[in-house]
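Shown below: upload.pdb, with PDB, C-alpha atoms.
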```pdb
ATOM      1  CA  MET H   1     -74.027  46.134 -40.481
ATOM      2  CA  ILE H   2     -73.511  44.108 -37.378
ATOM      3  CA  ASP H   3     -72.346  40.508 -36.894
ATOM      4  CA  VAL H   4     -74.663  38.510 -34.666
ATOM      5  CA  LEU H   5     -73.367  35.240 -33.210
ATOM      6  CA  TYR H   6     -75.284  32.464 -31.468
ATOM      7  CA  PHE H   7     -73.921  29.717 -29.252
ATOM      8  CA  ALA H   8     -75.131  26.469 -27.654
ATOM      9  CA  TRP H   9     -78.930  26.068 -27.593
ATOM     10  CA  VAL H  10     -79.458  29.604 -28.886
ATOM     11  CA  ARG H  11     -77.558  28.570 -32.028
ATOM     12  CA  GLU H  12     -79.591  25.358 -32.277
ATOM     13  CA  ARG H  13     -82.943  27.120 -31.889
ATOM     14  CA  ILE H  14     -82.148  29.824 -34.392
ATOM     15  CA  GLY H  15     -80.516  27.329 -36.717
ATOM     16  CA  LEU H  16     -77.321  29.155 -37.582
ATOM     17  CA  PRO H  17     -74.075  30.110 -35.832
ATOM     18  CA  ARG H  18     -73.806  33.685 -37.114
ATOM     19  CA  GLU H  19     -75.292  36.176 -39.493
ATOM     20  CA  ARG H  20     -74.713  39.719 -40.649
ATOM     21  CA  ILE H  21     -77.631  42.022 -39.995
ATOM     22  CA  GLU H  22     -78.569  45.457 -41.248
ATOM     23  CA  THR H  23     -80.227  47.119 -38.284
ATOM     24  CA  GLN H  24     -81.034  50.502 -36.806
ATOM     25  CA  ALA H  25     -81.564  49.001 -33.340
ATOM     26  CA  ALA H  26     -80.288  51.364 -30.656
ATOM     27  CA  THR H  27     -79.851  48.788 -27.901
ATOM     28  CA  VAL H  28     -79.553  45.028 -27.465
ATOM     29  CA  ASN H  29     -83.186  44.967 -26.320
ATOM     30  CA  ASP H  30     -84.208  46.691 -29.557
ATOM     31  CA  LEU H  31     -82.227  44.182 -31.607
ATOM     32  CA  ILE H  32     -83.926  41.292 -29.795
ATOM     33  CA  ALA H  33     -87.339  42.828 -30.480
ATOM     34  CA  GLU H  34     -86.456  43.311 -34.133
ATOM     35  CA  LEU H  35     -85.226  39.728 -34.588
ATOM     36  CA  SER H  36     -88.130  38.257 -32.609
ATOM     37  CA  ALA H  37     -90.608  40.043 -34.873
ATOM     38  CA  ARG H  38     -88.872  38.632 -37.906
ATOM     39  CA  GLU H  39     -89.464  34.896 -37.397
ATOM     40  CA  ASP H  40     -90.777  32.490 -34.780
ATOM     41  CA  ARG H  41     -87.458  30.725 -34.284
ATOM     42  CA  TYR H  42     -85.983  34.007 -33.002
ATOM     43  CA  ALA H  43     -88.980  34.719 -30.814
ATOM     44  CA  VAL H  44     -88.614  31.247 -29.282
ATOM     45  CA  ALA H  45     -84.865  31.579 -28.730
ATOM     46  CA  PHE H  46     -85.229  35.017 -27.137
ATOM     47  CA  SER H  47     -88.415  34.317 -25.175
ATOM     48  CA  ASP H  48     -86.727  33.983 -21.780
ATOM     49  CA  ARG H  49     -84.200  36.763 -21.402
ATOM     50  CA  ALA H  50     -83.226  35.578 -17.921
ATOM     51  CA  ALA H  51     -81.830  32.429 -19.586
ATOM     52  CA  LEU H  52     -79.696  34.476 -21.977
ATOM     53  CA  ARG H  53     -76.441  36.376 -21.811
ATOM     54  CA  VAL H  54     -75.109  38.900 -24.296
ATOM     55  CA  ALA H  55     -71.597  39.947 -25.234
ATOM     56  CA  LEU H  56     -70.768  43.090 -27.212
ATOM     57  CA  ASP H  57     -67.462  42.937 -29.073
ATOM     58  CA  GLN H  58     -66.514  39.901 -26.940
ATOM     59  CA  GLU H  59     -67.259  41.537 -23.579
ATOM     60  CA  LEU H  60     -70.176  40.471 -21.381
ATOM     61  CA  SER H  61     -72.763  43.217 -21.409
ATOM     62  CA  GLU H  62     -76.345  44.175 -20.534
ATOM     63  CA  PHE H  63     -79.509  44.009 -22.621
ATOM     64  CA  SER H  64     -79.991  47.727 -22.113
ATOM     65  CA  ALA H  65     -76.545  48.512 -23.569
ATOM     66  CA  PRO H  66     -76.355  50.731 -26.664
ATOM     67  CA  LEU H  67     -75.215  49.227 -29.963
ATOM     68  CA  ALA H  68     -73.572  52.362 -31.354
ATOM     69  CA  GLY H  69     -70.096  51.450 -32.581
ATOM     70  CA  VAL H  70     -70.538  47.750 -31.774
ATOM     71  CA  ARG H  71     -69.385  45.345 -34.491
ATOM     72  CA  GLU H  72     -70.214  41.976 -32.944
ATOM     73  CA  VAL H  73     -73.117  40.899 -30.754
ATOM     74  CA  ALA H  74     -73.201  37.384 -29.315
ATOM     75  CA  PHE H  75     -76.151  35.647 -27.630
ATOM     76  CA  PHE H  76     -75.696  32.542 -25.517
ATOM     77  CA  PRO H  77     -76.929  30.749 -22.399
ATOM     78  CA  PRO H  78     -75.133  31.160 -19.056
ATOM     79  CA  MET H  79     -71.645  29.744 -19.429
ATOM     80  CA  THR H  80     -70.671  26.327 -18.134
ATOM     81  CA  GLY H  81     -66.901  26.225 -18.292
ATOM     82  CA  GLY H  82     -64.443  24.572 -15.967
TER      83      GLY H  82
ATOM     84  CA  MET I  83     -49.201  33.727 -17.328
ATOM     85  CA  GLN I  84     -50.332  31.264 -19.943
ATOM     86  CA  VAL I  85     -53.767  30.526 -21.382
ATOM     87  CA  ARG I  86     -54.251  27.735 -23.894
ATOM     88  CA  ILE I  87     -57.540  26.796 -25.561
ATOM     89  CA  GLN I  88     -57.209  23.584 -27.528
ATOM     90  CA  PRO I  89     -59.083  20.487 -28.714
ATOM     91  CA  GLU I  90     -56.127  18.189 -28.005
ATOM     92  CA  PRO I  91     -55.652  16.298 -24.743
ATOM     93  CA  PHE I  92     -52.935  17.534 -22.385
ATOM     94  CA  ASP I  93     -50.549  15.670 -20.131
ATOM     95  CA  LEU I  94     -51.269  16.862 -16.588
ATOM     96  CA  GLY I  95     -47.971  15.547 -15.213
ATOM     97  CA  ALA I  96     -45.841  17.030 -17.968
ATOM     98  CA  GLU I  97     -47.674  20.357 -17.810
ATOM     99  CA  THR I  98     -47.333  20.540 -14.032
ATOM    100  CA  ASN I  99     -43.622  19.700 -14.135
ATOM    101  CA  ALA I 100     -42.890  22.238 -16.875
ATOM    102  CA  PHE I 101     -44.952  24.884 -15.071
ATOM    103  CA  ALA I 102     -43.204  24.271 -11.736
ATOM    104  CA  ALA I 103     -39.766  24.297 -13.377
ATOM    105  CA  ALA I 104     -40.444  27.690 -14.980
ATOM    106  CA  GLN I 105     -41.261  29.433 -11.669
ATOM    107  CA  SER I 106     -38.856  31.703  -9.919
ATOM    108  CA  GLY I 107     -39.330  32.409  -6.221
ATOM    109  CA  ALA I 108     -42.271  30.014  -5.833
ATOM    110  CA  GLY I 109     -42.638  27.836  -2.749
ATOM    111  CA  ALA I 110     -45.998  26.346  -3.724
ATOM    112  CA  VAL I 111     -47.696  25.048  -6.842
ATOM    113  CA  VAL I 112     -51.403  24.183  -6.793
ATOM    114  CA  THR I 113     -53.114  22.400  -9.675
ATOM    115  CA  PHE I 114     -56.727  21.554 -10.352
ATOM    116  CA  THR I 115     -58.001  19.297 -13.125
ATOM    117  CA  GLY I 116     -61.605  19.017 -14.284
ATOM    118  CA  LEU I 117     -62.740  15.705 -15.793
ATOM    119  CA  VAL I 118     -65.722  14.729 -17.909
ATOM    120  CA  ARG I 119     -68.087  13.319 -15.276
ATOM    121  CA  ASP I 120     -69.984  10.225 -16.287
ATOM    122  CA  ILE I 121     -73.718  10.159 -15.535
ATOM    123  CA  ALA I 122     -74.319   6.769 -13.957
ATOM    124  CA  GLY I 123     -72.500   5.003 -16.788
ATOM    125  CA  ARG I 124     -74.794   6.560 -19.408
ATOM    126  CA  LEU I 125     -72.604   9.318 -20.808
ATOM    127  CA  GLN I 126     -71.213   8.614 -24.273
ATOM    128  CA  ALA I 127     -69.473  11.912 -24.842
ATOM    129  CA  MET I 128     -69.364  15.541 -23.862
ATOM    130  CA  GLU I 129     -69.249  18.234 -26.510
ATOM    131  CA  ILE I 130     -67.712  21.511 -25.451
ATOM    132  CA  GLU I 131     -68.459  24.573 -27.526
ATOM    133  CA  HIS I 132     -66.735  27.908 -27.057
ATOM    134  CA  TYR I 133     -66.635  31.429 -28.469
ATOM    135  CA  PRO I 134     -63.224  31.591 -30.132
ATOM    136  CA  GLY I 135     -63.052  35.399 -30.355
ATOM    137  CA  MET I 136     -63.856  35.842 -26.675
ATOM    138  CA  THR I 137     -62.470  32.820 -24.816
ATOM    139  CA  GLN I 138     -58.801  33.749 -24.747
ATOM    140  CA  LYS I 139     -59.553  37.371 -23.804
ATOM    141  CA  ALA I 140     -62.045  36.445 -21.073
ATOM    142  CA  ILE I 141     -59.693  33.953 -19.437
ATOM    143  CA  ALA I 142     -56.696  36.281 -19.730
ATOM    144  CA  ALA I 143     -58.751  38.937 -17.901
ATOM    145  CA  ILE I 144     -59.606  36.470 -15.121
ATOM    146  CA  VAL I 145     -55.940  35.469 -14.785
ATOM    147  CA  ALA I 146     -54.898  39.133 -14.718
ATOM    148  CA  GLU I 147     -57.415  39.776 -11.927
ATOM    149  CA  ALA I 148     -56.009  36.827  -9.941
ATOM    150  CA  SER I 149     -52.484  38.187 -10.414
ATOM    151  CA  GLU I 150     -53.555  41.523  -8.987
ATOM    152  CA  ARG I 151     -55.151  39.972  -5.936
ATOM    153  CA  TRP I 152     -52.413  37.509  -5.033
ATOM    154  CA  ASP I 153     -48.649  37.485  -5.194
ATOM    155  CA  LEU I 154     -48.309  34.830  -7.913
ATOM    156  CA  THR I 155     -45.116  33.877  -9.677
ATOM    157  CA  GLY I 156     -47.168  32.289 -12.454
ATOM    158  CA  ALA I 157     -50.497  30.870 -13.572
ATOM    159  CA  LEU I 158     -51.517  28.444 -16.285
ATOM    160  CA  VAL I 159     -54.974  27.676 -17.681
ATOM    161  CA  ILE I 160     -55.586  24.972 -20.282
ATOM    162  CA  HIS I 161     -59.171  24.420 -21.439
ATOM    163  CA  ARG I 162     -60.239  21.973 -24.128
ATOM    164  CA  TYR I 163     -63.158  22.086 -26.520
ATOM    165  CA  GLY I 164     -64.684  19.615 -28.955
ATOM    166  CA  ARG I 165     -65.890  16.080 -28.307
ATOM    167  CA  LEU I 166     -64.535  14.437 -25.140
ATOM    168  CA  ALA I 167     -65.027  10.941 -23.724
ATOM    169  CA  PRO I 168     -66.070  10.224 -20.108
ATOM    170  CA  SER I 169     -63.219  10.670 -17.611
ATOM    171  CA  GLU I 170     -61.083  12.672 -20.036
ATOM    172  CA  PRO I 171     -59.521  15.827 -18.617
ATOM    173  CA  ILE I 172     -61.420  18.940 -19.738
ATOM    174  CA  MET I 173     -59.222  21.592 -18.261
ATOM    175  CA  MET I 174     -56.541  22.401 -15.728
ATOM    176  CA  VAL I 175     -55.346  25.392 -13.796
ATOM    177  CA  ALA I 176     -51.990  25.743 -12.099
ATOM    178  CA  THR I 177     -50.950  28.568  -9.816
ATOM    179  CA  ALA I 178     -47.603  29.221  -8.191
ATOM    180  CA  ALA I 179     -46.797  31.555  -5.343
ATOM    181  CA  PRO I 180     -44.184  32.006  -2.607
ATOM    182  CA  HIS I 181     -46.634  30.451  -0.098
ATOM    183  CA  ARG I 182     -49.411  27.910  -0.437
ATOM    184  CA  ALA I 183     -52.326  30.019   0.854
ATOM    185  CA  GLU I 184     -52.018  32.364  -2.097
ATOM    186  CA  ALA I 185     -51.632  29.544  -4.617
ATOM    187  CA  PHE I 186     -54.725  27.740  -3.251
ATOM    188  CA  ALA I 187     -56.843  30.893  -3.129
ATOM    189  CA  ALA I 188     -55.853  31.957  -6.644
ATOM    190  CA  ALA I 189     -56.630  28.488  -8.038
ATOM    191  CA  GLU I 190     -60.091  28.540  -6.433
ATOM    192  CA  PHE I 191     -60.721  32.037  -7.705
ATOM    193  CA  LEU I 192     -59.714  31.020 -11.236
ATOM    194  CA  MET I 193     -62.009  27.986 -11.116
ATOM    195  CA  ASP I 194     -64.972  29.958  -9.785
ATOM    196  CA  TYR I 195     -64.633  32.545 -12.529
ATOM    197  CA  LEU I 196     -63.888  30.063 -15.311
ATOM    198  CA  LYS I 197     -67.123  28.251 -14.476
ATOM    199  CA  SER I 198     -69.405  31.173 -15.168
ATOM    200  CA  ARG I 199     -67.362  33.866 -16.956
ATOM    201  CA  ALA I 200     -65.445  31.931 -19.612
ATOM    202  CA  PRO I 201     -67.553  31.340 -22.739
ATOM    203  CA  PHE I 202     -67.796  27.556 -22.789
ATOM    204  CA  TRP I 203     -70.936  25.440 -23.032
ATOM    205  CA  LYS I 204     -71.160  21.720 -22.349
ATOM    206  CA  LYS I 205     -73.487  19.278 -24.031
ATOM    207  CA  GLU I 206     -73.927  15.777 -22.658
ATOM    208  CA  ILE I 207     -74.507  13.011 -25.180
ATOM    209  CA  THR I 208     -76.208   9.852 -23.902
ATOM    210  CA  ALA I 209     -77.930   6.922 -25.615
ATOM    211  CA  GLU I 210     -81.263   8.594 -24.769
ATOM    212  CA  GLY I 211     -80.340  11.879 -26.381
ATOM    213  CA  ALA I 212     -78.316  15.030 -25.912
ATOM    214  CA  GLY I 213     -78.762  17.957 -23.568
ATOM    215  CA  TRP I 214     -77.005  21.179 -22.676
ATOM    216  CA  VAL I 215     -75.646  21.347 -19.145
ATOM    217  CA  ALA I 216     -77.484  24.097 -17.272
ATOM    218  CA  ALA I 217     -75.547  26.641 -15.261
ATOM    219  CA  LYS I 218     -76.076  26.268 -11.521
ATOM    220  CA  ASP I 219     -77.160  29.094  -9.248
ATOM    221  CA  GLU I 220     -74.410  28.164  -6.808
ATOM    222  CA  ASP I 221     -71.798  28.726  -9.527
ATOM    223  CA  GLU I 222     -72.966  32.312  -9.860
ATOM    224  CA  GLN I 223     -73.212  32.706  -6.071
ATOM    225  CA  ALA I 224     -69.662  31.375  -5.700
ATOM    226  CA  LEU I 225     -68.391  34.603  -7.278
ATOM    227  CA  SER I 226     -69.761  36.722  -4.449
ATOM    228  CA  ARG I 227     -67.225  35.350  -1.984
ATOM    229  CA  TRP I 228     -64.340  37.045  -3.812
TER     230      TRP I 228
END
```
Starting from the file, give its structure as structure tokens.
Amino acid sequence: MIDVLYFAWVRERIGLPRERIETQAATVNDLIAELSAREDRYAVAFSDRAALRVALDQELSEFSAPLAGVREVAFFPPMTGG
Amino acid sequence: MQVRIQPEPFDLGAETNAFAAAQSGAGAVVTFTGLVRDIAGRLQAMEIEHYPGMTQKAIAAIVAEASERWDLTGALVIHRYGRLAPSEPIMMVATAAPHRAEAFAAAEFLMDYLKSRAPFWKKEITAEGAGWVAAKDEDEQALSRW
């Protein structure tokens, strides 16, 4: 089981802030493919990967990163702090 | 080194005074404050969302990096979230160092990294609707100068 979190417009497009997912996905890319195949709202939210960032266990990461041992995956647009 | 993430407003003057008073060996204090920018009188509010589990850690890492690069006696970051009105302060950074060049450079470094490496997202609310503020390419490019 893995916690998946969504922020900003990713959260709005998917329609929920977080969910717990049972997955065998090996990488972030695999998880995105799995979610996108599940429902349109995921496919829409994940359609432009260049507009997305991912954090694994609260650290910015890459889409090619493995998910082994990861407890929390977060998807969000590029940050706009400051 | 202090990092505070809070919905409440902060008092820039009081924070700056308390920060300066707590420094030992500092000859310079630099502060920066970011305000909610109005859009031609149309902005009703700005909503700032963040990633609670990551925000504190990400900013602490940025502050730690600044402390390694410059000889700082202290640094303070306050960043708000929630619904803010036009002209309200969003955030502040303060840096203190023996000499001003280090304090200025560290403050700029902190701001550049906070912009695109701290997990905050801004949404502008106007009478015509609401929209997420897009990240700018120059914010990402600004990191390459460090």
Within 6 Å of chain H, which residues of chain I are there when counting only C-alpha atoms? Please give them as a ChimeraX atom specification. /I:136,196-198,201-203,217
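From atom CA of Ala127 of chain I back to atom CA of Ala212 of chain I, the distance works out to 9.4 Å.
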Interatomic distance, atom CA of Ala43 of chain H to atom CA of Gly211 of chain I (Å, one decimal): 24.8 Å
Would you write out, as a compact mmCIF listing (two decimals) with C-alpha atoms, keeping the file's coordinate frame, every residue that the PyMOL selection byres ((chain I and resi 141) around 9) captures in this file?
```txt
# COMPACT_ATOMS: atom_id res chain seq x y z
CA VAL I 85 -53.77 30.53 -21.38
CA MET I 136 -63.86 35.84 -26.68
CA THR I 137 -62.47 32.82 -24.82
CA GLN I 138 -58.80 33.75 -24.75
CA LYS I 139 -59.55 37.37 -23.80
CA ALA I 140 -62.04 36.44 -21.07
CA ALA I 142 -56.70 36.28 -19.73
CA ALA I 143 -58.75 38.94 -17.90
CA ILE I 144 -59.61 36.47 -15.12
CA VAL I 145 -55.94 35.47 -14.78
CA ALA I 146 -54.90 39.13 -14.72
CA VAL I 159 -54.97 27.68 -17.68
CA LEU I 192 -59.71 31.02 -11.24
CA TYR I 195 -64.63 32.54 -12.53
CA LEU I 196 -63.89 30.06 -15.31
CA ARG I 199 -67.36 33.87 -16.96
CA ALA I 200 -65.44 31.93 -19.61
CA PRO I 201 -67.55 31.34 -22.74
```
Which residues match the PyMOL selection byres ((chain I and resi 176) around 8) in the file above, as an MDAnalysis selection string? chainID I and resid 98 101 111:114 157:159 174:175 177:178 189
Step by step, work through what the PyMOL selection byres ((chain H and resi 33) around 12) selects in the shown file, and finish by giving those residues as a list in words. Thr23, Gln24, Ala25, Ala26, Thr27, Val28, Asn29, Asp30, Leu31, Ile32, Glu34, Leu35, Ser36, Ala37, Arg38, Glu39, Asp40, Tyr42, Ala43, Val44, Ala45, Phe46, Ser47, Arg49 and Phe63 of chain H
Do you have the atom CA of Val10 of chain H-atom CA of Phe75 of chain H distance handy? 7.0 Å
For each of H:Val73, H:Leu67, H:Asp48, H:Val4, take the minimum atom-to-atom distance to Pro17 of chain H, counting all atoms listed in the file, then give the residue where this is smallest. H:Val4
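When only C-alpha atoms are used to measure the gap to Lys205 of chain I, the shortest distance among I:Glu129, I:Glu97, I:Asp221, I:Asp120 belongs to I:Glu129.
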Find the smallest box with edges along x, y and z containing every listed atom of segment 52-67 of chain H, then add 8 Å on each side and report centre and edge lengths in Å to one decimal, as AutoDock Vina command-line options.
```
--center_x -73.3 --center_y 42.6 --center_z -25.2 --size_x 29.5 --size_y 32.3 --size_z 25.4
```
Identify, on the basis of all atoms listed in the file, every residue whose closest approach to Arg165 of chain I does not exceed 12 Å; exclude the query and any residue fewer than 6 positions from it along the same chain; express the result as number ranges by chain. I: 88-91, 118, 126-132, 171-172, 203-207
Nearest candidate to Gly107 of chain I (options I:Glu222, I:Glu210, I:Asp153, I:Glu170; using all atoms listed in the file): I:Asp153
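Distance check against Ala108 of chain I using all atoms listed in the file: of I:Met83, I:Ala179, I:Met193, I:Leu225, the minimum falls on I:Ala179.
Closest approach to Ile87 of chain I among I:Pro134, I:Pro168, I:Pro180, I:Gly156: I:Pro134, based on all atoms listed in the file.
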Could you check the closest approach to Ile160 of chain I for each of I:Trp228, I:Phe92, I:Ala103, I:Glu220 and tell me which residue wins, using only C-alpha atoms? I:Phe92
Any idea what's packed within 9 Å of Ile21 of chain H, counting all atoms listed in the file, ignoring anything in its chain fewer than 6 positions away? Could you give it as a list in words? Met1, Ile2, Asp3 and Val4 of chain H
